[in-house]
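Student: I am sharing protein24.txt, which consists of compact mmCIF, C-alpha atoms (C1' of nucleotides):
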```txt
# COMPACT_ATOMS: atom_id res chain seq x y z
CA MET A 1 0.00 0.00 0.00
CA LYS A 2 1.37 3.40 -0.99
CA ILE A 3 1.02 6.49 1.16
CA GLY A 4 -1.87 7.93 -0.85
CA GLU A 5 -3.92 4.80 -0.42
CA LEU A 6 -3.23 4.78 3.30
CA ALA A 7 -4.24 8.42 3.44
CA ASN A 8 -7.50 7.60 1.70
CA LYS A 9 -8.28 4.70 3.97
CA THR A 10 -7.54 6.53 7.19
CA GLY A 11 -8.71 10.02 6.37
CA LEU A 12 -5.33 11.52 7.13
CA THR A 13 -3.39 13.47 4.54
CA THR A 14 -0.09 12.18 3.17
CA LYS A 15 1.52 15.15 4.87
CA THR A 16 0.17 14.12 8.23
CA ILE A 17 1.28 10.52 7.74
CA ARG A 18 4.84 11.61 7.00
CA TYR A 19 4.68 13.94 9.97
CA TYR A 20 3.57 11.08 12.23
CA GLU A 21 6.49 9.06 10.93
CA ASP A 22 8.86 11.97 11.64
CA ILE A 23 7.81 12.26 15.24
CA GLY A 24 7.82 8.53 15.71
CA VAL A 25 4.19 7.58 16.27
CA LEU A 26 4.22 5.70 12.98
CA PRO A 27 7.18 3.42 12.26
CA GLU A 28 9.26 3.87 9.14
CA PRO A 29 7.63 1.69 6.53
CA GLY A 30 9.44 -0.43 3.96
CA ARG A 31 10.23 1.05 0.59
CA GLN A 32 9.46 -0.08 -2.91
CA ALA A 33 12.29 -0.25 -5.45
CA ASN A 34 11.48 3.31 -6.52
CA GLY A 35 11.74 4.68 -3.00
CA TYR A 36 8.01 4.98 -2.38
CA ARG A 37 6.77 4.07 1.08
CA SER A 38 5.17 0.67 1.21
CA TYR A 39 2.72 0.03 4.04
CA SER A 40 1.41 -3.21 5.42
CA PRO A 41 -2.34 -3.27 6.12
CA SER A 42 -1.71 -3.44 9.86
CA VAL A 43 -0.71 0.21 9.89
CA ILE A 44 -4.36 1.09 9.30
CA ASP A 45 -5.19 -0.24 12.75
CA ARG A 46 -2.33 1.70 14.22
CA VAL A 47 -3.59 4.90 12.64
CA GLY A 48 -7.05 4.06 13.95
CA PHE A 49 -5.59 3.74 17.40
CA ILE A 50 -3.90 7.09 17.05
CA LYS A 51 -7.10 8.75 15.88
CA ASP A 52 -9.09 7.29 18.76
CA ALA A 53 -6.47 8.35 21.25
CA ARG A 54 -6.34 11.86 19.76
CA ALA A 55 -10.12 12.08 19.91
CA SER A 56 -9.85 11.22 23.59
CA GLY A 57 -7.56 14.16 24.02
CA LEU A 58 -4.27 12.35 24.37
CA SER A 59 -1.35 14.24 22.89
CA LEU A 60 0.84 12.69 20.24
CA ILE A 61 3.62 12.53 22.81
CA GLU A 62 1.45 10.47 25.15
CA ILE A 63 0.39 8.25 22.29
CA GLN A 64 3.99 7.79 21.33
CA ILE A 65 4.86 6.65 24.84
CA ILE A 66 2.13 4.03 24.80
CA LEU A 67 3.03 2.83 21.34
CA GLU A 68 6.75 2.66 22.06
CA LEU A 69 6.15 0.50 25.10
CA ARG A 70 3.81 -1.64 23.10
CA ASP A 71 6.33 -1.95 20.27
CA GLU A 72 8.92 -3.17 22.72
CA GLY A 73 6.58 -6.01 23.55
CA GLU A 74 6.27 -4.78 27.08
CA SER A 75 3.25 -5.53 29.10
CA THR A 76 2.00 -2.01 28.79
CA CYS A 77 -1.33 -2.24 30.48
CA GLY A 78 0.00 -0.84 33.71
CA HIS A 79 1.72 2.08 32.04
CA THR A 80 -1.14 2.74 29.73
CA VAL A 81 -3.69 2.68 32.49
CA ARG A 82 -1.63 5.03 34.61
CA LEU A 83 -1.28 7.39 31.67
CA LEU A 84 -4.98 7.25 30.97
CA GLU A 85 -5.82 7.83 34.62
CA SER A 86 -3.53 10.81 34.80
CA HIS A 87 -5.08 12.14 31.63
CA LEU A 88 -8.53 11.59 33.07
CA GLU A 89 -7.58 13.74 36.03
CA ASP A 90 -6.49 16.49 33.65
CA VAL A 91 -9.80 16.30 31.87
CA GLU A 92 -11.72 16.48 35.13
CA THR A 93 -9.73 19.54 36.17
CA GLN A 94 -10.44 21.17 32.84
CA ILE A 95 -14.15 20.52 33.27
CA ILE A 96 -14.14 22.13 36.69
CA ASP A 97 -12.22 25.14 35.35
CA LEU A 98 -14.62 25.53 32.48
CA HIS A 99 -17.60 25.39 34.82
CA ARG A 100 -16.09 28.20 36.85
CA THR A 101 -15.50 30.16 33.68
CA LYS A 102 -19.06 29.51 32.61
CA THR A 103 -20.43 30.80 35.89
CA GLN A 104 -18.26 33.89 35.60
CA LEU A 105 -19.43 34.56 32.07
CA GLU A 106 -23.05 34.13 33.03
CA LYS A 107 -22.60 36.58 35.87
CA MET A 108 -21.03 39.08 33.53
CA ILE A 109 -23.81 38.75 31.00
CA ASN A 110 -26.57 39.05 33.57
CA ASN A 111 -24.81 41.98 35.09
CA ALA A 112 -24.59 43.69 31.74
CA LYS A 113 -28.23 43.09 30.95
CA ALA A 114 -29.36 44.50 34.27
CA LEU A 115 -27.50 47.74 33.67
CA ASP A 116 -28.99 51.10 33.10
CA PRO A 117 -28.18 51.75 29.44
CA ALA A 118 -27.11 55.25 30.36
CA ASP A 119 -24.12 53.84 32.13
CA CYS A 120 -22.88 52.41 28.86
CA LEU A 121 -22.24 55.89 27.62
CA ASN A 122 -19.61 56.55 30.20
CA PRO A 123 -16.49 55.24 28.52
CA ASN A 124 -14.49 55.14 31.71
CA ARG A 125 -16.82 52.80 33.46
CA CYS A 126 -17.91 49.93 31.32
CA GLN A 127 -19.64 47.86 33.94
CA THR A 128 -19.99 44.78 31.87
CA ILE A 129 -16.70 43.32 32.79
CA SER A 130 -15.23 45.04 35.74
CA VAL A 131 -12.37 44.07 37.91
CA THR A 132 -14.07 45.10 41.06
CA HIS A 133 -17.47 43.50 41.30
CA LEU A 134 -16.81 40.03 40.01
CA GLN A 135 -14.18 38.82 42.38
CA MET A 136 -14.81 35.22 43.06
CA GLU A 137 -13.22 32.79 45.41
CA GLY A 138 -10.11 32.54 43.22
CA THR A 139 -9.61 33.09 39.54
CA GLY A 140 -7.38 30.11 39.05
CA THR A 141 -4.51 31.94 37.40
CA GLU A 142 -1.18 32.47 39.12
CA MET B 1 5.14 54.65 37.30
CA LYS B 2 7.86 52.77 35.41
CA ILE B 3 7.31 49.42 33.76
CA GLY B 4 8.96 47.46 36.55
CA GLU B 5 6.67 48.92 39.15
CA LEU B 6 3.64 48.17 37.01
CA ALA B 7 4.92 44.64 36.58
CA ASN B 8 5.23 44.28 40.32
CA LYS B 9 1.79 45.64 41.01
CA THR B 10 0.04 43.53 38.41
CA GLY B 11 2.02 40.33 38.56
CA LEU B 12 2.86 40.48 34.88
CA THR B 13 6.45 40.55 33.66
CA THR B 14 7.87 43.58 31.89
CA LYS B 15 8.15 41.38 28.82
CA THR B 16 4.45 40.63 28.90
CA ILE B 17 3.54 44.27 29.39
CA ARG B 18 5.55 45.29 26.34
CA TYR B 19 4.02 42.41 24.43
CA TYR B 20 0.52 43.58 25.37
CA GLU B 21 1.45 47.02 24.16
CA ASP B 22 2.76 45.55 20.89
CA ILE B 23 -0.48 43.75 20.14
CA GLY B 24 -2.55 46.71 21.23
CA VAL B 25 -4.36 45.59 24.36
CA LEU B 26 -2.38 48.12 26.34
CA PRO B 27 -2.06 51.63 24.92
CA GLU B 28 1.34 53.17 24.33
CA PRO B 29 2.19 54.96 27.55
CA GLY B 30 3.88 58.34 27.84
CA ARG B 31 7.63 58.49 28.06
CA GLN B 32 9.94 60.09 30.55
CA ALA B 33 12.72 62.34 29.28
CA ASN B 34 15.05 59.35 29.19
CA GLY B 35 12.71 57.29 27.05
CA TYR B 36 11.40 55.07 29.84
CA ARG B 37 7.73 54.19 29.74
CA SER B 38 5.68 56.20 32.20
CA TYR B 39 2.36 54.73 33.29
CA SER B 40 -0.59 56.36 34.91
CA PRO B 41 -2.17 54.42 37.78
CA SER B 42 -5.31 53.77 35.74
CA VAL B 43 -3.46 51.22 33.66
CA ILE B 44 -3.46 48.93 36.67
CA ASP B 45 -7.22 48.62 36.36
CA ARG B 46 -6.90 47.95 32.68
CA VAL B 47 -4.42 45.17 33.32
CA GLY B 48 -6.79 43.83 35.95
CA PHE B 49 -9.54 43.78 33.39
CA ILE B 50 -7.29 41.91 30.98
CA LYS B 51 -6.36 39.36 33.61
CA ASP B 52 -9.99 38.78 34.56
CA ALA B 53 -10.98 38.42 30.95
CA ARG B 54 -8.10 36.01 30.29
CA ALA B 55 -9.10 33.99 33.34
CA SER B 56 -12.57 33.75 31.84
CA GLY B 57 -11.01 32.27 28.75
CA LEU B 58 -11.29 35.25 26.43
CA SER B 59 -8.43 35.49 23.98
CA LEU B 60 -6.29 38.60 23.77
CA ILE B 61 -7.83 39.28 20.40
CA GLU B 62 -11.31 39.27 21.89
CA ILE B 63 -10.16 41.45 24.75
CA GLN B 64 -8.62 43.83 22.27
CA ILE B 65 -11.93 44.15 20.43
CA ILE B 66 -13.77 45.03 23.63
CA LEU B 67 -11.12 47.48 24.75
CA GLU B 68 -10.86 49.17 21.37
CA LEU B 69 -14.58 49.79 21.30
CA ARG B 70 -14.46 51.05 24.83
CA ASP B 71 -11.54 53.31 24.02
CA GLU B 72 -13.51 54.81 21.18
CA GLY B 73 -16.13 55.82 23.71
CA GLU B 74 -18.66 53.59 22.04
CA SER B 75 -21.55 52.23 23.92
CA THR B 76 -19.97 48.82 23.98
CA CYS B 77 -22.41 46.92 26.12
CA GLY B 78 -24.14 45.44 23.14
CA HIS B 79 -20.94 44.33 21.47
CA THR B 80 -19.43 43.10 24.66
CA VAL B 81 -22.46 41.12 25.63
CA ARG B 82 -22.64 39.52 22.21
CA LEU B 83 -18.99 38.61 22.45
CA LEU B 84 -19.44 37.19 25.90
CA GLU B 85 -22.46 35.20 24.83
CA SER B 86 -20.66 33.76 21.87
CA HIS B 87 -17.77 32.87 24.13
CA LEU B 88 -20.15 31.29 26.60
CA GLU B 89 -21.40 29.03 23.82
CA ASP B 90 -17.84 28.00 23.08
CA VAL B 91 -17.28 27.16 26.70
CA GLU B 92 -20.44 25.08 26.83
CA THR B 93 -19.38 23.16 23.75
CA GLN B 94 -15.99 22.52 25.29
CA ILE B 95 -17.62 21.19 28.43
CA ILE B 96 -19.74 18.78 26.42
CA ASP B 97 -16.71 17.61 24.44
CA LEU B 98 -14.74 17.06 27.60
CA HIS B 99 -17.53 15.06 29.13
CA ARG B 100 -17.54 12.79 26.11
CA THR B 101 -13.78 12.42 26.38
CA LYS B 102 -14.13 11.65 30.06
CA THR B 103 -16.66 8.91 29.38
CA GLN B 104 -14.38 7.45 26.73
CA LEU B 105 -11.40 7.45 29.05
CA GLU B 106 -13.38 5.83 31.84
CA LYS B 107 -14.48 3.12 29.44
CA MET B 108 -10.91 2.51 28.38
CA ILE B 109 -9.69 2.29 31.95
CA ASN B 110 -12.44 -0.04 33.06
CA ASN B 111 -11.85 -2.14 30.02
CA ALA B 112 -8.17 -2.39 30.79
CA LYS B 113 -8.76 -3.33 34.37
CA ALA B 114 -11.16 -6.07 33.45
CA LEU B 115 -8.64 -7.69 31.15
CA ASP B 116 -6.92 -10.98 31.59
CA PRO B 117 -3.33 -9.94 32.31
CA ALA B 118 -2.15 -12.64 29.93
CA ASP B 119 -3.52 -10.63 27.04
CA CYS B 120 -1.12 -7.84 27.85
CA LEU B 121 1.74 -10.00 26.78
CA ASN B 122 0.51 -10.20 23.24
CA PRO B 123 2.09 -7.14 21.69
CA ASN B 124 -0.13 -7.22 18.64
CA ARG B 125 -3.29 -6.91 20.61
CA CYS B 126 -3.10 -4.38 23.34
CA GLN B 127 -6.73 -4.30 24.34
CA THR B 128 -6.53 -1.26 26.52
CA ILE B 129 -7.19 1.16 23.78
CA SER B 130 -8.46 -0.55 20.75
CA VAL B 131 -10.00 0.84 17.65
CA THR B 132 -12.65 -1.78 17.45
CA HIS B 133 -14.51 -1.99 20.69
CA LEU B 134 -14.83 1.62 21.72
CA GLN B 135 -16.69 3.10 18.83
CA MET B 136 -19.08 5.65 20.16
CA GLU B 137 -21.77 7.63 18.49
CA GLY B 138 -19.22 9.89 16.80
CA THR B 139 -15.70 10.82 17.70
CA GLY B 140 -16.08 14.49 16.98
CA THR B 141 -13.04 14.81 14.77
CA GLU B 142 -13.28 15.40 11.02
C1' DA C 1 34.62 54.98 38.92
C1' DA C 2 32.48 50.74 39.09
C1' DA C 3 28.87 47.53 40.12
C1' DT C 4 24.08 46.65 39.93
C1' DA C 5 19.69 47.02 38.62
C1' DC C 6 16.96 49.05 35.94
C1' DC C 7 15.41 50.55 31.17
C1' DT C 8 15.42 50.48 25.66
C1' DT C 9 14.81 47.91 20.92
C1' DC C 10 14.75 44.05 18.04
C1' DC C 11 14.98 39.37 16.67
C1' DA C 12 14.48 34.57 17.55
C1' DG C 13 12.67 30.63 19.95
C1' DT C 14 9.12 27.88 22.44
C1' DT C 15 4.87 24.32 22.28
C1' DG C 16 1.68 21.18 19.35
C1' DG C 17 -0.06 19.62 15.36
C1' DC C 18 0.06 20.17 11.54
C1' DT C 19 0.13 22.65 6.46
C1' DA C 20 2.26 24.87 2.26
C1' DG C 21 5.43 25.02 -1.17
C1' DA C 22 9.67 24.25 -3.79
C1' DA C 23 12.13 21.24 -6.69
C1' DG C 24 12.56 17.16 -8.26
C1' DG C 25 11.60 11.76 -9.64
C1' DT C 26 7.97 8.07 -11.24
C1' DT C 27 3.96 6.01 -13.18
C1' DT C 28 -0.09 5.80 -15.73
C1' DA C 29 -3.41 7.22 -19.24
C1' DC C 30 -4.43 8.92 -23.59
C1' DG D 1 5.20 12.05 -25.96
C1' DT D 2 3.21 14.59 -22.81
C1' DA D 3 0.13 15.62 -19.19
C1' DA D 4 -1.71 14.31 -14.82
C1' DA D 5 -1.36 12.37 -10.73
C1' DC D 6 1.32 10.34 -7.84
C1' DC D 7 5.72 10.02 -5.06
C1' DT D 8 10.34 11.94 -2.74
C1' DT D 9 12.97 15.36 0.50
C1' DC D 10 13.56 19.67 2.55
C1' DT D 11 12.52 24.12 4.48
C1' DA D 12 9.40 27.32 6.29
C1' DG D 13 5.07 28.98 8.13
C1' DC D 14 0.78 28.95 10.87
C1' DC D 15 -1.78 29.78 15.60
C1' DA D 16 -1.45 31.87 20.65
C1' DA D 17 0.82 33.93 24.21
C1' DC D 18 4.49 34.61 25.51
C1' DT D 19 9.91 34.09 26.78
C1' DG D 20 14.95 34.61 26.07
C1' DG D 21 18.81 36.95 24.76
C1' DA D 22 21.77 40.35 22.52
C1' DA D 23 23.43 44.93 22.59
C1' DG D 24 23.04 48.96 24.31
C1' DG D 25 21.50 53.28 27.52
C1' DT D 26 20.44 55.05 32.44
C1' DA D 27 20.13 55.50 37.46
C1' DT D 28 21.48 54.49 41.96
C1' DT D 29 24.60 53.14 45.33
C1' DT D 30 29.05 52.48 47.26
```
Let me see whether you can do it: turn the structure in this file into structure tokens.
Tutor:
Amino acid sequence: MKIGELANKTGLTTKTIRYYEDIGVLPEPGRQANGYRSYSPSVIDRVGFIKDARASGLSLIEIQIILELRDEGESTCGHTVRLLESHLEDVETQIIDLHRTKTQLEKMINNAKALDPADCLNPNRCQTISVTHLQMEGTGTE
Amino acid sequence: MKIGELANKTGLTTKTIRYYEDIGVLPEPGRQANGYRSYSPSVIDRVGFIKDARASGLSLIEIQIILELRDEGESTCGHTVRLLESHLEDVETQIIDLHRTKTQLEKMINNAKALDPADCLNPNRCQTISVTHLQMEGTGTE
DNA sequence: AAATACCTTCCAGTTGGCTAGAAGGTTTAC
DNA sequence: GTAAACCTTCTAGCCAACTGGAAGGTATTT
């Protein structure tokens, strides 16, 4: 299978496939006599794995770690599970952060809508987003 | 106030302050006779606004739009609220996506834990994350 | 007068995940 | 035989939000 065919079957571009090879998440394939890359069908599954893992929010680096361990024939379940669990924690943190952001945004919007329109004409005091009246129990940054 | 003092008071670095000036979210300040930047105290509030808005997930571009309108003395409430509402939608979408990711990760982890450890030794069939048995109602990508 | 701690500008690099394009070789179809 | 559609490598650019460093000027302290 040439790179174009693999691209077609997986929905990646040839560019992306070569990029994945560069960074090591796809192994260097064999070559035909003319230098073209020659893929075995099994690489389709590997790409599928990568796509699933990406869709779950794993970075290519994390995917590479899993795949490298797997390629070494290691029993990777332990490593993989730990990596997934740590990633799950990240995701949960992100969800919490986003909920806080959401609350903040809703407050801002309600605030703005409750305003006397006349206040909007005072350029020095846009009340919509103000430093002073939206202090919450911690903004999360710094 | 010189840039270092502003940096101290706001928790930004001097680098970041100059960067904000470059991209236009902070106005060019006056200069002392020696060429040093000279800030009025009001810029502290403006930086505070920027930090709050960043913490709410607004990009510097979005912040710039709000501030530009405000600087022009426009009645910006309408614009600002629309921007905030559109951003709120983004945040809600992100939360939904992350919940789907979370579910997927939990499935993977449970799957892995339920496995016969012997399977882990077969390097061609790491079951932990597999393309085949985790298909959900749409991966979201592409 | 020298050390240090500031300040100035400008240019380049970082991270992550690609994407674009140049400049060439190969294969297939008409 | 030539055009197109593929393939190769390499370099460079994109996004955001900075950060680092060079090369110099200034201010303060000893």
Student: Given only C-alpha atoms (C1' of nucleotides) as the basis, pick out the residue of D:DA3, D:DA23, D:DA12, D:DA17 nearest to DC10 in chain C.
Tutor: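 For DC10 in chain C, the nearest of the given residues is D:DA23.
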Student: Taking (2.5, 55.2, 33.1) as a centre in this file's frame and 7 Å as the limit, can you find every polymer residue with an atom that close, using only C-alpha atoms (C1' of nucleotides), and give them as a PyMOL selection string?
Tutor: chain B and resi 1-2+29-30+37-41
Student: Up to 8 Å from chain B, what residues of chain D turn up? Count all atoms listed in the file and give them as a compact mmCIF listing (two decimals) with C-alpha atoms (C1' of nucleotides), in the coordinates of the input.
Tutor:
```txt
# COMPACT_ATOMS: atom_id res chain seq x y z
C1' DC D 18 4.49 34.61 25.51
C1' DT D 19 9.91 34.09 26.78
C1' DT D 26 20.44 55.05 32.44
```
Student: Which distance in Å separates CA of Arg18 in chain B and CA of Val91 in chain B, to one decimal?
Tutor: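 If I compute the distance from CA of Arg18 in chain B to CA of Val91 in chain B, I get 29.2 Å.
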Student: Select residues of chain C: the criterion is any atom within 10 Å of an atom of chain A, counting all atoms listed in the file; output as a list of chain:residue names.
Tutor: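 Here they are: C:DG16, C:DG17, C:DC18, C:DT19, C:DG25, C:DT26.
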Student: Record the distance separating CA of Ala7 in chain A and CA of Ala55 in chain A, expressed in Å with one decimal.
Tutor: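 Result for CA of Ala7 in chain A versus CA of Ala55 in chain A: 17.9 Å, one decimal.
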Student: What does the distance between CA of Lys9 in chain B and CA of Thr103 in chain A come to in Å, to one decimal place?
Tutor: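 Separating CA of Lys9 in chain B from CA of Thr103 in chain A is a distance of 27.2 Å.
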Student: Taking all atoms listed in the file into account, name the residue in A:Ile3, A:Leu12, A:Ala33, A:Ile95 that is nearest to chain B.
Tutor: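 With all atoms listed in the file as the atom set, the closest residue is A:Ile95.
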